[in-house]
Amino acid sequence: MERKYPHLSSPITVAGVTFKNRMFSAPMGGTDITNDGCIGPKSTAFYELRGKGGAGAVTVSECMVHPQTDGSHAYHLDPSILNSLACATYTADAIRRHGSMPSLELSHSGMYAGTYMTDKSKQKSMNQWGPSDTVRPDGVEVKALTKDMIDDIVKSYGEVAAMAKRAGFEMLMIHGGHGWLINQFLSPFFNKRTDEYGGSLENRCRFAKEVLTSVRNAVGPRFPIEFRMSGSEFFDEGYGLEEGVEIAKQLESYVDILHVSAGTYQRTFGITHPSMFEEHGRNVYLAAEIKKHVSVPVATLGGLNDPAQMEEIIASGKADIVYMGRALLADPYLPEKVMQNRDDEIVRCLRCFTCMAERAATSTRRCTVNPIIGREIEGDEVTKAPVKKKVLVAGGGPGGLYAAYTAARRGHEVILCEKESELGGILKSEQAIPFKYEMYQLTGTYEKLAREAGVEIRLNTEVTKEYALKENADAIIIAVGSSPLIPPIPGLDGENVVIVNNYYKEKEKVSDEVVILGGGLAGSECAIHLGQEGKKVSIVEMRDSLAPDANVRHRPLLLQQIDKYVDVHTGLKAVKVTAEGVECEDKDGNAVFVKGSSVICALGQRSRTNVVEELRDCAPFVRVIGDAAKVSTITNAVYWGYHAALDI
């Protein structure tokens, strides 16, 4: 067959190992990690799905090589730990049996070893070790590694590498980026040593070379070793791209692939893991420049999810391999869809950070657009229902669409009704905000999947009690969403006021000086967009802080953007909207006026409970999902919709 993306779909052979395509699954940590570092069965299933979806390689992250100095946040491979090798072997096998190459990332956290520990009881008792004596920003003392300790850590890299090969891993990634130990030695900011490991670039590369030599001696010549490095650290005291090129040149003879990432986890999170405020592929230029100076294959990554962009990266010679992390959570089958010319079915990552925030908050995984993530062990196949039933879905937002799609895959007769002329629900409003456009695109993807699965979609059709009874469905999924909360503030019905949900239809009404009422997620993101357009934007918020509804990974990056573009007024209550702005009161009852000839109302949403009550008894099986049940997130709407359909 003629492949639409021939370069992306072409195999690559490295150190005697042939990878079936150039789309690799980036290192992502699992969830059910035991205190002694074993890979749990949920994590094995998590990695297997990426292999099943067609990735050329799947990297298991991170295996910490030296528990004596790094009792950190992920796996260990230790023959003294019962099931350690067995769990790793089952995981490598689960990836390999689908034709993907299993890779294991070997790492040491260095001075951050106790920060993200699995065993929290040891968190405060551990000594922190790094290249140099220092005190971390959080006040934790860091001690410099001695030469004997360095030698022991180098030896441990080789020992763990040998065990990884024994377990069935067919490639190893040595983590030398993101502010972990090897990066700490490479970086002039972290490394203040005056011995043979500090000072000159050659000396700062010495530890990395010793580690890579130890690994090579352990695994032999025809076994791919990949070195992950930050092409630039992106802060003033660290190294930039020019020195990143020199580091790559120093290390290329020791490795088979140079994997060029960016930044440090602690200082540049939104660059290392590009947020929705960054361009897709914002770090590719680092790999492209390094590739000009080395002879080994170069891998790149950084918010990539568009096959056309990734094809251009490979075809133009910017890199030889592209890695994806979050994109393969949103759609694990992205590589397979690319290989089969089905790229129009790809569910795009929204870069919303739900996946990473959930792991930080609850030690689980979740993806906004893919309800299987974190629950792969339950199975990703939708089985046919024993009895075909008629299913009526009321509402064409993301939850309703995914519920309809899933019910149709189960073999049911599915009718989805949307009272408006366009699908998408609240996601329609995202089309006017460029950094959230993929949320708007999600509707089109879900619609395509639903129609191809056999869903009948009826637009301009409201599901009333009479309509539902006439259809006589066996099951009704109520996904009618929510409506904007508009309190009785004088002037809020004026011509200069736009409801945030309607901004995409009325953006021409918005002047160059805008007041946004409500500093939740919707109001804050709209404010950033307007500020990026050059408008003078003010937020009025009753609470003391903005966007408490944003997740813990997205919120700090959102607030950085707020600082750039928006004037913030917290602790104020709007009492009247005028043609010139908003009259407010502070907590002490003092009058405050916030100027702006346009006002955007973003004061929240309210569930359409009246519709829910009307439809509650219109079928034997009734399930309420999404905002109709509780004003919440796209994540919950999709997840509840998926499981509602599975229950029919």
# chains A, B, ... in the order shown; residues from 1 in each chain; ligands from 1
>>> residues_around(residues="Glu48 (chain A)", least_positions_apart="4", cutoff="9 Å", atoms="only C-alpha atoms", output="list in words")
Ser43, Thr44, Lys52, Gly53, Val58, Thr91, Ala92, Asp93, Ala94, Ile95, Arg96, Arg97, His98 and Glu376 of chain A
>>> write_last_selection(atoms="C-alpha atoms", output="compact mmCIF listing (two decimals), in the first residue's frame")
# COMPACT_ATOMS: atom_id res chain seq x y z
CA SER A 43 1.52 -0.44 35.08
CA THR A 44 2.33 -3.45 32.91
CA LYS A 52 -0.59 -2.76 21.16
CA GLY A 53 -1.24 0.62 19.58
CA VAL A 58 7.81 1.73 24.35
CA THR A 91 6.33 -5.94 31.31
CA ALA A 92 8.97 -6.31 28.60
CA ASP A 93 7.12 -9.34 27.25
CA ALA A 94 3.77 -7.51 27.26
CA ILE A 95 5.26 -4.80 25.03
CA ARG A 96 7.31 -7.08 22.76
CA ARG A 97 4.52 -9.49 21.88
CA HIS A 98 2.80 -6.72 19.92
CA GLU A 376 -5.99 -0.67 31.03
>>> residues_around(residues="region 512-514 of chain A", least_positions_apart="3", cutoff="6 Å", atoms="only C-alpha atoms", output="number ranges by chain")
A: 535-537, 596-599
>>> closest_residue(among="A:Gly139, A:Gly424, A:Gly54, A:Gly395", to="Pro332 (chain A)", atoms="only C-alpha atoms")
A:Gly54
>>> residues_around(residues="Val160 (chain A)", least_positions_apart="3", cutoff="10 Å", atoms="only C-alpha atoms", output="PDB file with N, CA and C atoms, in the first residue's frame")
ATOM      1  N   CYS A  63      13.612   3.648  35.982  1.00  0.00           N
ATOM      2  CA  CYS A  63      14.206   2.642  36.854  1.00  0.00           C
ATOM      3  C   CYS A  63      15.401   3.279  37.554  1.00  0.00           C
ATOM      4  N   MET A  64      15.314   3.399  38.880  1.00  0.00           N
ATOM      5  CA  MET A  64      16.366   4.029  39.661  1.00  0.00           C
ATOM      6  C   MET A  64      17.442   2.993  40.005  1.00  0.00           C
ATOM      7  N   VAL A  65      18.679   3.322  39.683  1.00  0.00           N
ATOM      8  CA  VAL A  65      19.719   2.293  39.656  1.00  0.00           C
ATOM      9  C   VAL A  65      20.430   2.093  40.993  1.00  0.00           C
ATOM     10  N   HIS A  66      20.274   3.015  41.943  1.00  0.00           N
ATOM     11  CA  HIS A  66      21.104   2.951  43.154  1.00  0.00           C
ATOM     12  C   HIS A  66      20.270   3.314  44.377  1.00  0.00           C
ATOM     13  N   HIS A  76      12.757  -0.109  40.688  1.00  0.00           N
ATOM     14  CA  HIS A  76      14.112  -0.605  40.908  1.00  0.00           C
ATOM     15  C   HIS A  76      14.192  -1.998  40.290  1.00  0.00           C
ATOM     16  N   LEU A  77      15.372  -2.373  39.860  1.00  0.00           N
ATOM     17  CA  LEU A  77      15.641  -3.748  39.442  1.00  0.00           C
ATOM     18  C   LEU A  77      16.694  -4.286  40.386  1.00  0.00           C
ATOM     19  N   ASP A  78      16.287  -5.184  41.249  1.00  0.00           N
ATOM     20  CA  ASP A  78      17.165  -5.639  42.324  1.00  0.00           C
ATOM     21  C   ASP A  78      16.901  -7.116  42.569  1.00  0.00           C
ATOM     22  N   PRO A  79      17.899  -7.976  42.349  1.00  0.00           N
ATOM     23  CA  PRO A  79      17.667  -9.421  42.521  1.00  0.00           C
ATOM     24  C   PRO A  79      17.320  -9.813  43.951  1.00  0.00           C
ATOM     25  N   LEU A 106      16.924   4.164  32.565  1.00  0.00           N
ATOM     26  CA  LEU A 106      17.715   4.078  33.784  1.00  0.00           C
ATOM     27  C   LEU A 106      18.048   5.482  34.261  1.00  0.00           C
ATOM     28  N   LYS A 155      28.926   1.706  38.679  1.00  0.00           N
ATOM     29  CA  LYS A 155      28.856   0.239  38.655  1.00  0.00           C
ATOM     30  C   LYS A 155      27.404  -0.236  38.661  1.00  0.00           C
ATOM     31  N   SER A 156      26.563   0.449  39.436  1.00  0.00           N
ATOM     32  CA  SER A 156      25.165   0.026  39.539  1.00  0.00           C
ATOM     33  C   SER A 156      24.421   0.206  38.216  1.00  0.00           C
ATOM     34  N   TYR A 157      24.769   1.218  37.447  1.00  0.00           N
ATOM     35  CA  TYR A 157      24.157   1.375  36.122  1.00  0.00           C
ATOM     36  C   TYR A 157      24.397   0.130  35.278  1.00  0.00           C
ATOM     37  N   MET A 163      20.601  -6.688  34.117  1.00  0.00           N
ATOM     38  CA  MET A 163      19.329  -7.288  34.536  1.00  0.00           C
ATOM     39  C   MET A 163      18.200  -6.915  33.580  1.00  0.00           C
ATOM     40  N   ALA A 164      18.213  -5.679  33.088  1.00  0.00           N
ATOM     41  CA  ALA A 164      17.187  -5.248  32.143  1.00  0.00           C
ATOM     42  C   ALA A 164      17.252  -6.063  30.864  1.00  0.00           C
ATOM     43  N   LYS A 165      18.453  -6.299  30.381  1.00  0.00           N
ATOM     44  CA  LYS A 165      18.608  -7.129  29.181  1.00  0.00           C
ATOM     45  C   LYS A 165      18.126  -8.550  29.459  1.00  0.00           C
ATOM     46  N   ARG A 166      18.469  -9.059  30.616  1.00  0.00           N
ATOM     47  CA  ARG A 166      18.021 -10.403  31.012  1.00  0.00           C
ATOM     48  C   ARG A 166      16.499 -10.477  31.074  1.00  0.00           C
ATOM     49  N   VAL A 215      27.337   0.740  31.148  1.00  0.00           N
ATOM     50  CA  VAL A 215      26.168   0.111  30.527  1.00  0.00           C
ATOM     51  C   VAL A 215      26.583  -0.680  29.301  1.00  0.00           C
ATOM     52  N   ALA A 218      28.072  -3.930  30.046  1.00  0.00           N
ATOM     53  CA  ALA A 218      27.094  -4.880  30.582  1.00  0.00           C
ATOM     54  C   ALA A 218      26.222  -5.502  29.506  1.00  0.00           C
TER      55      ALA A 218
END
>>> closest_residue(among="A:Asn636, A:Thr34, A:Asn183, A:Ser10", to="Ser363 (chain A)", atoms="only C-alpha atoms")
A:Thr34
>>> residues_around(residues="region 495-506 of chain A", least_positions_apart="2", cutoff="6 Å", atoms="only C-alpha atoms", output="NGL selection string")
:A and (429 or 432 or 508-509 or 598-602)
>>> select_by_dssp(residues="region 172-218 of chain A", states="strand (DSSP E or B)", output="list in words")
Leu172, Met173, Ile174, His175, Gly176 and His178 of chain A
>>> residues_around(residues="Glu471 (chain A)", least_positions_apart="5", cutoff="9 Å", atoms="only C-alpha atoms", output="PyMOL selection string")
chain A and resi 390+392+466
>>> write_last_selection(atoms="all heavy atoms", output="PDB file, in the first residue's frame")
ATOM      1  N   LYS A 390     -32.242  -0.565  22.127  1.00  0.00           N
ATOM      2  CA  LYS A 390     -32.353   0.775  21.568  1.00  0.00           C
ATOM      3  C   LYS A 390     -31.911   1.771  22.629  1.00  0.00           C
ATOM      4  O   LYS A 390     -32.444   1.791  23.732  1.00  0.00           O
ATOM      5  CB  LYS A 390     -33.787   1.063  21.125  1.00  0.00           C
ATOM      6  CG  LYS A 390     -33.953   2.414  20.447  1.00  0.00           C
ATOM      7  CD  LYS A 390     -35.392   2.608  19.954  1.00  0.00           C
ATOM      8  CE  LYS A 390     -35.549   3.937  19.225  1.00  0.00           C
ATOM      9  NZ  LYS A 390     -36.946   4.134  18.727  1.00  0.00           N
ATOM     10  N   LEU A 392     -31.109   5.835  23.496  1.00  0.00           N
ATOM     11  CA  LEU A 392     -31.302   7.242  23.157  1.00  0.00           C
ATOM     12  C   LEU A 392     -30.348   8.076  24.003  1.00  0.00           C
ATOM     13  O   LEU A 392     -30.353   7.982  25.233  1.00  0.00           O
ATOM     14  CB  LEU A 392     -32.746   7.658  23.433  1.00  0.00           C
ATOM     15  CG  LEU A 392     -33.116   9.120  23.159  1.00  0.00           C
ATOM     16  CD1 LEU A 392     -32.943   9.464  21.680  1.00  0.00           C
ATOM     17  CD2 LEU A 392     -34.548   9.405  23.630  1.00  0.00           C
ATOM     18  N   GLU A 466     -42.072  13.838  26.011  1.00  0.00           N
ATOM     19  CA  GLU A 466     -42.934  13.299  24.959  1.00  0.00           C
ATOM     20  C   GLU A 466     -42.095  12.620  23.870  1.00  0.00           C
ATOM     21  O   GLU A 466     -42.439  11.528  23.386  1.00  0.00           O
ATOM     22  CB  GLU A 466     -43.780  14.417  24.345  1.00  0.00           C
ATOM     23  CG  GLU A 466     -44.830  15.010  25.280  1.00  0.00           C
ATOM     24  CD  GLU A 466     -44.246  15.880  26.364  1.00  0.00           C
ATOM     25  OE1 GLU A 466     -43.116  16.401  26.162  1.00  0.00           O
ATOM     26  OE2 GLU A 466     -44.896  16.034  27.410  1.00  0.00           O
TER      27      GLU A 466
END
>>> closest_residue(among="A:Gly56, A:Gly281, A:Pro41, A:Pro307", to="Asn21 (chain A)", atoms="only C-alpha atoms")
A:Gly56
>>> residues_around(residues="Ala88 (chain A)", least_positions_apart="4", cutoff="7 Å", atoms="only C-alpha atoms", output="MDAnalysis selection string")
chainID A and resid 39 84 92 167
>>> select_by_dssp(residues="region 325-568 of chain A", states="helix (DSSP H, G or I)", output="number ranges by chain")
A: 327-330, 334-339, 343-345, 354-362, 376-378, 398-409, 425-432, 434-453, 465-471, 500-509, 521-532, 554-565
>>> atom_distance(atom1="CA of Ile182 (chain A)", atom2="CA of His259 (chain A)")
14.2 Å
>>> atom_distance(atom1="CA of Ile477 (chain A)", atom2="CA of Ala619 (chain A)")
9.7 Å
>>> atom_distance(atom1="CA of Asp344 (chain A)", atom2="CA of His7 (chain A)")
18.1 Å
>>> residues_around(residues="region 612-615 of chain A", least_positions_apart="5", cutoff="8 Å", atoms="only C-alpha atoms", output="ChimeraX atom specification")
/A:464-465,468,478,480,624,628
>>> closest_residue(among="A:Arg222, A:Glu378, A:Pro620, A:Ala404", to="Lys448 (chain A)", atoms="only C-alpha atoms")
A:Ala404
